[in-house]
Amino acid sequence: MTDAEIDYAGVFQALPGMVALLTPELVYVDANEEFLRMTRRSREQLVGRYLFDVLPDNPNDSDASGVRNLEASLNRVLESGERDAMALQRYDVESAQYPGEWEERYWSPVNAPVLGPDGRVVLLVHRMEEVTELIRARRADDHARVLEAELYARARELQEVNERLRAVHARDREIALALQEAMLPAPSPLGHPAAVRYRPATGGLNVCGDWYDLVELSGDRIGVAVGDVVGHGLAAACVMGQLRSALSAASRVAYGPARALEVLGLYARSVDGAENTTAVETAIDWETHTVSYSSAGHLPPALLHPDGTVTFLDQATDPPLGARPEHAPRLQATIGFTEGATLVLYTDGLIERRSEDIYTSLDRLAGALTRHHRAGPEELADALLLDLLPAGGATDDTALVVVGL
């Protein structure tokens, strides 16, 4: 088929999701049917008009930031000529039938340039994913409303971090390690003994995409997670920071680890560099003496029993984030524990070696856990690093969390 036979206008209208074309002056050129349907505007109400005249901020919301954030993203695309994926945005829409009435809406926008022959931006592709129903489903009570405010606070913090990172040009070891440590602080008191460790890889920039997180949940429960972003350097660290914060917030409102990973998977679609990220989320419940867990392609957590035996939590493993073409529910499993047990979560830098298969690596971890099964979380964490990391340093970074049960 030749170019002359392709109906590009028809292709544009048939694109999945909401897509609009803007001039560099942010004036609508066209919008596909899904964009018109979701914004509840006609093509005549859009084409030829300034973006923020058609979709302004809600004047009744003093905290509204949709226009400011979207305009900043579009200006970044115009200045850099590169694609820009935004964090989740609340952007209310005024009713077309009832002026003055505003509907609460949530979007995940991605903006991309169309370059002319001279390399300058001649058009902007403005794509948005509607996630309002997903957000509403997580807001079952007043507690969820409080968490929503925290999500926005985290989003603003992430935007500030990203702006600071864009200004960093000296990518030396000291700056990189300071950044990683800032993103992975020591856990706050949780009422239960826990230890965390992060060890950078040897050589290079020494910043990768490994992370850990511990959060308090309702009742006598905590959520513990680890994850690993593909790649190295500041780009991987930026993606890591976004995903860690998103999963931390989702775990507080989602009904179980599997649902938390489902929310993270949807969010990851709008984050450049998040594809094929692995993560595992657990929820420890001391009232029922159970651990619920779900894994997105990550290595299985290890449950160290008081007698020194080890059980790997490998009954709820799905593909990594972004590996599936369509969204699908994730698996979740639950296992009981006795008092005195220990839960260990880790990333591949702790055990994987290029010269051996994964089962040999897991056996080596199990052996180390058995040898030190009487140690507390802090002592066990140090012993695992000493026993398992190569003497000359690992080629991948390592995140480790040990929780006494």
# chains A, B, ... in the order shown; residues from 1 in each chain; ligands from 1
>>> residues_around(residues="Pro301 of chain A", least_positions_apart="4", cutoff="9 Å", atoms="only C-alpha atoms", output="PyMOL selection string")
chain A and resi 280+282+293+311-314+343-346
>>> residues_around(residues="Pro109 of chain A", least_positions_apart="6", cutoff="10 Å", atoms="only C-alpha atoms", output="list in words")
Met18, Val19, Leu70, Ser73, Asp84, Ala85, Met86, Ala87, Leu88, Gln89, His126, Arg127, Met128, Glu129, Glu130 and Ser270 of chain A
>>> select_by_dssp(residues="segment 272-398 of chain A", states="strand (DSSP E)", output="MDAnalysis selection string")
chainID A and resid 278:285 290:296 302:304 310:312 317:318 333:336 342:346 398
>>> closest_residue(among="A:Glu44, A:Glu275, A:Glu281, A:Tyr198", to="Val230 of chain A", atoms="only C-alpha atoms")
A:Glu275
>>> residues_around(residues="Val229 of chain A", least_positions_apart="6", cutoff="7 Å", atoms="only C-alpha atoms", output="mmCIF file with C-alpha atoms, in the first residue's frame")
data_model
loop_
_atom_site.group_PDB
_atom_site.id
_atom_site.type_symbol
_atom_site.label_atom_id
_atom_site.label_comp_id
_atom_site.auth_asym_id
_atom_site.auth_seq_id
_atom_site.Cartn_x
_atom_site.Cartn_y
_atom_site.Cartn_z
ATOM 1 C CA GLY A 209 16.324 1.537 39.824
ATOM 2 C CA ASP A 210 16.005 -0.663 42.922
ATOM 3 C CA ALA A 236 16.262 4.916 36.185
ATOM 4 C CA MET A 240 12.127 4.485 40.546
ATOM 5 C CA ALA A 274 8.715 2.077 33.548
ATOM 6 C CA THR A 277 9.718 -3.005 35.961
ATOM 7 C CA THR A 278 9.423 -5.838 38.487
#
>>> closest_residue(among="A:Ser42, A:Asn32, A:Ser294, A:Ser355", to="Val54 of chain A", atoms="only C-alpha atoms")
A:Ser42
>>> residues_around(residues="Leu266 of chain A", least_positions_apart="3", cutoff="12 Å", atoms="only C-alpha atoms", output="MDAnalysis selection string")
chainID A and resid 87:88 107:108 129:131 134:135 243 246:247 250 259:263 269:271 274:275 321:329
>>> closest_residue(among="A:Glu287, A:Gly297, A:Ala366, A:Ile351", to="Gly336 of chain A", atoms="only C-alpha atoms")
A:Glu287
>>> select_by_dssp(residues="segment 24-78 of chain A", states="alpha helix (DSSP H)", output="list in words")
Glu33, Glu34, Phe35, Leu36, Arg37, Met38, Thr39, Arg43, Glu44, Gln45, Leu46, Leu51, Phe52, Asp53, Val54, Gly66, Val67, Arg68, Asn69, Leu70, Glu71, Ala72, Ser73, Leu74, Asn75, Arg76, Val77 and Leu78 of chain A
>>> closest_residue(among="A:Trp286, A:His192, A:Thr317, A:Thr342", to="Pro257 of chain A", atoms="only C-alpha atoms")
A:Thr317
>>> closest_residue(among="A:Leu388, A:Arg364, A:Asp285, A:Thr370", to="Phe337 of chain A", atoms="only C-alpha atoms")
A:Asp285
>>> closest_residue(among="A:Leu36, A:Thr290, A:Leu304, A:Ile335", to="Gly376 of chain A", atoms="only C-alpha atoms")
A:Leu304
>>> atom_distance(atom1="atom CA of Gly48 of chain A", atom2="atom CA of Val29 of chain A")
6.2 Å
>>> atom_distance(atom1="atom CA of Asp213 of chain A", atom2="atom CA of Tyr106 of chain A")
25.7 Å
>>> residues_around(residues="Ala9 of chain A", least_positions_apart="6", cutoff="12 Å", atoms="only C-alpha atoms", output="list in words")
Leu15, Leu21, Asp30, Ala31, Asn32 and Glu33 of chain A
>>> residues_around(residues="Leu55 of chain A", least_positions_apart="4", cutoff="8 Å", atoms="only C-alpha atoms", output="ChimeraX atom specification")
/A:51,93-94
>>> atom_distance(atom1="atom CA of Val11 of chain A", atom2="atom CA of Ala96 of chain A")
27.1 Å
